[in-house]
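Student: Input: one structure, supplied below.
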Amino acid sequence: MAAGAKCTAAFLFSGRLLLHSIIRIPDHPPLTVLRDFLLDAGYCSNRLSDELGLSRALNADFSNLAPLLERTSGEDVLHVLSRLFFVGWPVPIEICHKHIPAPILQLCLQANVVIADGAELSPNVIFVPFENVLLFAADAPRLRGSNPDVVMGPSSTTNLISKTLIRSQTETLLDIGTGTGVLATVAGSFSKQVFGTDINQRAIDFARFNAALNGISNAQFHAGDAFAPVDGYRFSRIVANPPFFITPRKNFTYSDSPLELDGFTHKLAVEAPDYLEEGGLFQMICEWVELEGEPWQARLRSWTDNRGCDVLVLKGPSSKPIDYAERRYHEAKALNTGRFEALLSERSAYFREHRIRQIMSGIITMRKRKGSNWFSVFTGDITVDSSKAIQERLDALTMLSEYTDAHWLDSRFYFAPNAAITQTQSFNGHEWQLNRIEISKPYCINDQLQVDATVLPTIELFDGRNTVAAIAERTADALSISVDESTTRCLALAKRLAASSFILPAAPRENSRQE
């Protein structure tokens with residue numbers, strides 16, 4: 001294949017092609033036939049990365065078009081499919097017929113995935129692999145332009161929220177700002193009924209297409225603003241990857257907050273509890289601002305206080321205003337066309353006007369629960385799978401809120417398998433000395449606890465068999481102190497270890513073994 005001789009402005013943004021960009025769901029055969037063909041041909045995250053060097057799991061963009069065309073210049077089936085559906089670039093019909101079965105090509109034409117353009121097939125969509133077994137259609141790069149309602153595929157934030165998504169079986173799940181329907185499609189495997197909403201009708205069309213493409217039949221999608229299409233309903237789970245970019249000018253529906261500063265994120269945090277069943281969970285990835293003179297924790301507390309929910313914030317990276325403005329500027333230029341030269345200066349001026357000290361990011365989890373609610377923040381690596389860590393922290397903080405001392409003393413705990421005890425020693429010229437003993441979870445959560453050497457034997461007794469009361473009795477004997485004093489110490493230790501999920505309740509482990 002030629003490496004992009006037709007890369008002209010007229011071709012990239014032809015109005016004639018835009019008229020053909022609406023995808024359709026054919027009556028027959030099912031779209032899963034297309035997905036299965038692509039996956040069987042190796043069109044998945046692992047092989048695209050390993051064999052073609054297409055390591056980015058994001059949409060192909062204008063900044064790396066030439067290298068992508070070179071990497072997909074071969075004429076085997078994976079190169080052909082990658083050029084069509086990863087890069088979004090035309091391929092001669094003759095080559096397509098050589099590598100793609102006629103029924104698949106016909107299905108692509110019926111679905112408007114591709115159109116015949118002279119002697120070439122031109123893709124209207126790209127297919128973005130996700131979690132190596134799912135595919136999601138989105139607008140091809142050449143059709144994006146500066147259209148505010150452009151539909152983008154799974155992004156870096158989609159990957160992040162997916163890694164924090166609690167995937168235990170649930171009854172009903174709502175995906176706010178569903179976009180291409182990624183989270184709704186993923187949730188179709190663990191929720192009996194899934195609903196997705198988005199203010200962008202084109203996104204809803206793509207979400208329906210992608211649910212059918214991935215064989216999800218228990219999801220329905222509705223156009224409308226946030227909760228408006230499902231007013232009056234209650235859900236056991238709500239997830240959101242909303243438009244949260246903080247910008248003075250609303251260029252794109254999929255990314256830019258429609259309200260001032262972090263107003264849309266605020267709106268969702270305030271309204272979500274009204275749509276949750278008792279015990280239901282709301283999880284949202286978002287950005288928010290810290291204003292001069294106002295700690296960011298206080299800002300989030302003001303959103304969530306008196307909403308009848310426990311609140312757990314997994315804090316991710318923060319950015320200085322100028323760094324944030326520059327990053328968003330480069331993203332806009334790479335993924336879309338149009339004039340964005342003023343975007344950097346406009347955003348910087350906007351931040352100064354509102355006295356923004358820094359822009360925060362993270363995952364907010366809210367659980368609707370009667371009683372005295374808690375608010376907790378912990379930091380961690382949100383790029384790794386943290387769903388288990390979030391669930392453990394929710395359970396631990398609920399125990400601290402609800403358990404009486406008698407309940408604690410009668411409970412059994414075991415030392416978490418992913419927790420580690422590190423002992424640091426130094427040589428003073430004569431002998432090795434123990435300087436520090438630290439308990440930590442090197443995976444996901446940045447949480448450490450320093451303990452004294454005399455505490456280690458007590459920690460070793462948290463093995464899932466001993467109650468806290470029994471540990472207190474054995475510790476009293478070992479340290480030659482009263483049982484009352486030992487009980488006080490052991491209760492405090494158990495609560496501190498549990499608060500960081502260094503110890504876990506024995507019952508869940510025993511139940512999982514039985515299952």
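By convention here, the chains of the structure tokens are called A, B, ... in the order presented, each chain's residues are numbered starting at 1, and ligands are numbered starting at 1 in the order presented.
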DSSP on the backbone, then: every residue of region 6-218 of chain A marked strand (DSSP E), written as a PyMOL selection string.
Tutor: chain A and resi 91-92+114-117+120-123+125-130+134-139+170-176+191-198
Student: Would you list the contacts of region 68-80 of chain A as an MDAnalysis selection string, taking every protein, DNA or RNA residue within 9 Å and counting only C-alpha atoms, but skipping same-chain residues closer than 3 positions in sequence?
Tutor: chainID A and resid 1:4 38 41:43 48 52:54 60 64:65 83:87 89 91 95:96 98:100
Student: Mind running region 98-164 of chain A against region 262-286 of chain A at 12 Å and telling me each contacting residue's nearest atom pair with the distance in Å (one decimal), counting only C-alpha atoms, chain and number ascending, as CSV?
Tutor:
residue,atom,partner,partner_atom,distance
A:Ser156,CA,A:Ile285,CA,11.1
A:Thr157,CA,A:Ile285,CA,7.3
A:Thr158,CA,A:Ile285,CA,8.7
A:Asn159,CA,A:Ile285,CA,10.4
A:Leu160,CA,A:Ile285,CA,7.8
A:Ile161,CA,A:Ile285,CA,5.9
A:Ser162,CA,A:Ile285,CA,9.6
A:Lys163,CA,A:Ile285,CA,10.8
A:Thr164,CA,A:Gln283,CA,8.4
Student: Quick one: residues within 12 Å of Ile503 (chain A), only C-alpha atoms counted, chain neighbours fewer than 2 positions away excluded, as an MDAnalysis selection string?
Tutor: chainID A and resid 392:393 395:396 411:420 439:441 459:464 468 493:501 505:506 509
Student: Once you have the residues from the selection above, write them out as a short mmCIF file (atom, residue, chain, number, x, y, z; two decimals), in the first residue's frame, restricted to N, CA, C and O atoms.
Tutor:
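What landed in selection_30.cif:
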data_model
loop_
_atom_site.label_atom_id
_atom_site.label_comp_id
_atom_site.auth_asym_id
_atom_site.auth_seq_id
_atom_site.Cartn_x
_atom_site.Cartn_y
_atom_site.Cartn_z
N GLU A 392 -12.47 -3.21 49.51
CA GLU A 392 -11.93 -3.49 50.83
C GLU A 392 -12.00 -2.27 51.73
O GLU A 392 -12.34 -2.37 52.92
N ARG A 393 -11.67 -1.10 51.17
CA ARG A 393 -11.69 0.12 51.98
C ARG A 393 -13.12 0.49 52.37
O ARG A 393 -13.37 0.95 53.50
N ASP A 395 -15.58 -1.63 52.90
CA ASP A 395 -15.97 -2.57 53.95
C ASP A 395 -15.30 -2.23 55.28
O ASP A 395 -15.94 -2.27 56.34
N ALA A 396 -14.02 -1.84 55.21
CA ALA A 396 -13.28 -1.54 56.44
C ALA A 396 -13.85 -0.32 57.14
O ALA A 396 -14.06 -0.31 58.36
N SER A 411 -14.61 -10.73 66.63
CA SER A 411 -14.35 -10.94 65.21
C SER A 411 -12.97 -11.53 64.98
O SER A 411 -12.05 -11.38 65.79
N ARG A 412 -12.85 -12.21 63.84
CA ARG A 412 -11.57 -12.79 63.42
C ARG A 412 -11.09 -12.08 62.16
O ARG A 412 -11.88 -11.79 61.27
N PHE A 413 -9.80 -11.82 62.07
CA PHE A 413 -9.21 -11.15 60.92
C PHE A 413 -7.97 -11.90 60.48
O PHE A 413 -7.34 -12.62 61.28
N TYR A 414 -7.60 -11.71 59.23
CA TYR A 414 -6.35 -12.29 58.73
C TYR A 414 -5.55 -11.21 58.02
O TYR A 414 -6.11 -10.24 57.49
N PHE A 415 -4.25 -11.37 58.05
CA PHE A 415 -3.36 -10.40 57.42
C PHE A 415 -3.54 -10.47 55.91
O PHE A 415 -3.49 -11.54 55.31
N ALA A 416 -3.77 -9.32 55.28
CA ALA A 416 -4.07 -9.27 53.85
C ALA A 416 -2.91 -9.82 53.03
O ALA A 416 -1.74 -9.47 53.27
N PRO A 417 -3.18 -10.66 52.04
CA PRO A 417 -2.10 -11.25 51.23
C PRO A 417 -1.27 -10.22 50.48
O PRO A 417 -0.09 -10.46 50.20
N ASN A 418 -1.86 -9.08 50.13
CA ASN A 418 -1.12 -8.08 49.37
C ASN A 418 -0.52 -6.99 50.26
O ASN A 418 -0.06 -5.97 49.78
N ALA A 419 -0.54 -7.22 51.57
CA ALA A 419 0.14 -6.32 52.50
C ALA A 419 1.54 -6.87 52.77
O ALA A 419 1.79 -8.07 52.69
N ALA A 420 2.45 -5.97 53.07
CA ALA A 420 3.85 -6.38 53.28
C ALA A 420 4.40 -5.73 54.54
O ALA A 420 4.05 -4.59 54.88
N ILE A 439 4.46 -1.38 57.69
CA ILE A 439 3.44 -2.18 57.01
C ILE A 439 2.91 -1.34 55.86
O ILE A 439 2.59 -0.16 56.03
N SER A 440 2.81 -1.92 54.69
CA SER A 440 2.34 -1.18 53.52
C SER A 440 1.64 -2.11 52.56
O SER A 440 1.70 -3.34 52.69
N LYS A 441 0.95 -1.49 51.60
CA LYS A 441 0.39 -2.21 50.47
C LYS A 441 1.05 -1.64 49.23
O LYS A 441 0.66 -0.58 48.75
N ILE A 459 0.72 -8.86 65.69
CA ILE A 459 0.21 -8.84 64.31
C ILE A 459 0.19 -10.24 63.72
O ILE A 459 -0.73 -10.60 62.98
N GLU A 460 1.16 -11.05 64.07
CA GLU A 460 1.22 -12.41 63.55
C GLU A 460 0.04 -13.26 64.00
O GLU A 460 -0.28 -14.27 63.38
N LEU A 461 -0.62 -12.84 65.07
CA LEU A 461 -1.77 -13.60 65.58
C LEU A 461 -3.04 -13.36 64.77
O LEU A 461 -4.03 -14.07 64.94
N PHE A 462 -3.03 -12.34 63.89
CA PHE A 462 -4.18 -12.12 63.00
C PHE A 462 -4.07 -13.09 61.83
O PHE A 462 -3.62 -12.75 60.73
N ASP A 463 -4.50 -14.32 62.08
CA ASP A 463 -4.35 -15.39 61.10
C ASP A 463 -5.68 -15.97 60.63
O ASP A 463 -5.72 -17.00 59.95
N GLY A 464 -6.79 -15.31 61.01
CA GLY A 464 -8.10 -15.79 60.60
C GLY A 464 -8.72 -16.78 61.56
O GLY A 464 -9.89 -17.13 61.41
N VAL A 468 -10.16 -11.20 68.18
CA VAL A 468 -9.38 -10.10 68.74
C VAL A 468 -9.27 -10.27 70.25
O VAL A 468 -8.23 -9.97 70.86
N LEU A 493 -5.12 -1.44 67.76
CA LEU A 493 -4.30 -1.97 66.67
C LEU A 493 -5.17 -2.58 65.58
O LEU A 493 -4.95 -2.35 64.38
N ALA A 494 -6.18 -3.36 65.97
CA ALA A 494 -7.06 -4.00 64.99
C ALA A 494 -7.78 -2.96 64.15
O ALA A 494 -7.88 -3.09 62.91
N LYS A 495 -8.27 -1.91 64.80
CA LYS A 495 -8.99 -0.87 64.06
C LYS A 495 -8.06 -0.13 63.10
O LYS A 495 -8.45 0.20 61.98
N ARG A 496 -6.82 0.13 63.57
CA ARG A 496 -5.88 0.83 62.69
C ARG A 496 -5.48 -0.03 61.50
O ARG A 496 -5.41 0.45 60.36
N LEU A 497 -5.23 -1.32 61.73
CA LEU A 497 -4.87 -2.21 60.64
C LEU A 497 -6.03 -2.39 59.66
O LEU A 497 -5.84 -2.42 58.45
N ALA A 498 -7.24 -2.50 60.20
CA ALA A 498 -8.41 -2.68 59.35
C ALA A 498 -8.70 -1.43 58.53
O ALA A 498 -9.13 -1.53 57.37
N ALA A 499 -8.46 -0.25 59.11
CA ALA A 499 -8.74 1.00 58.41
C ALA A 499 -7.95 1.10 57.11
O ALA A 499 -8.41 1.69 56.13
N SER A 500 -6.77 0.52 57.08
CA SER A 500 -5.93 0.52 55.87
C SER A 500 -6.02 -0.80 55.12
O SER A 500 -5.24 -1.04 54.19
N SER A 501 -6.96 -1.66 55.52
CA SER A 501 -7.14 -2.97 54.88
C SER A 501 -5.89 -3.83 54.97
O SER A 501 -5.66 -4.69 54.11
N PRO A 505 -11.59 -9.12 57.31
CA PRO A 505 -12.46 -10.04 58.05
C PRO A 505 -12.30 -11.47 57.54
O PRO A 505 -12.19 -11.70 56.34
N ALA A 506 -12.30 -12.41 58.46
CA ALA A 506 -12.08 -13.80 58.08
C ALA A 506 -13.25 -14.38 57.31
O ALA A 506 -13.08 -15.19 56.42
N ARG A 509 -13.24 -14.47 53.41
CA ARG A 509 -12.27 -15.41 52.86
C ARG A 509 -12.81 -16.83 52.97
O ARG A 509 -12.71 -17.63 52.04
#
Student: If you run DSSP over the backbone, which residues in region 114-342 of chain A end up helix (DSSP H, G or I)? Put them as JSON, numbers by chain.
Tutor: {"A": [141, 142, 143, 156, 157, 158, 159, 160, 161, 162, 163, 164, 182, 183, 184, 185, 186, 187, 201, 202, 203, 204, 205, 206, 207, 208, 209, 210, 211, 212, 213, 228, 229, 230, 263, 264, 265, 266, 267, 268, 269, 270, 271, 272, 273, 274, 275, 296, 297, 298, 299, 300, 301, 302, 303, 304, 321, 322, 323, 324, 325, 326, 327, 328, 329, 330, 331, 332, 333, 334, 335]}
Student: Just the residues within 9 Å of Leu314 (chain A), please, counting only C-alpha atoms, with nothing from its chain fewer than 3 positions along; format it as an mmCIF file with C-alpha atoms, in the first residue's frame.
Tutor:
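This went into around-v2.cif:
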data_model
loop_
_atom_site.group_PDB
_atom_site.id
_atom_site.type_symbol
_atom_site.label_atom_id
_atom_site.label_comp_id
_atom_site.auth_asym_id
_atom_site.auth_seq_id
_atom_site.Cartn_x
_atom_site.Cartn_y
_atom_site.Cartn_z
ATOM 1 C CA SER A 361 -8.284 14.180 39.662
ATOM 2 C CA GLY A 362 -9.522 10.901 41.042
ATOM 3 C CA ILE A 363 -12.331 8.431 41.572
ATOM 4 C CA ILE A 364 -15.256 9.316 43.825
ATOM 5 C CA THR A 365 -17.243 6.397 45.236
ATOM 6 C CA SER A 376 -12.484 9.338 53.579
ATOM 7 C CA VAL A 377 -9.623 10.112 51.196
ATOM 8 C CA PHE A 378 -6.716 7.897 50.217
ATOM 9 C CA THR A 379 -4.115 8.229 47.504
ATOM 10 C CA GLY A 380 -2.965 5.552 45.130
ATOM 11 C CA ASP A 381 -2.029 4.526 41.635
ATOM 12 C CA ILE A 382 -5.273 4.820 39.671
ATOM 13 C CA ILE A 390 -11.885 0.257 46.879
ATOM 14 C CA ILE A 445 -2.749 2.213 47.697
#
Student: Just the residues within 10 Å of Ile322 (chain A), please, counting only C-alpha atoms, with nothing from its chain fewer than 5 positions along; format it as number ranges by chain.
Tutor: A: 327, 344-345, 347-349, 351-352, 358
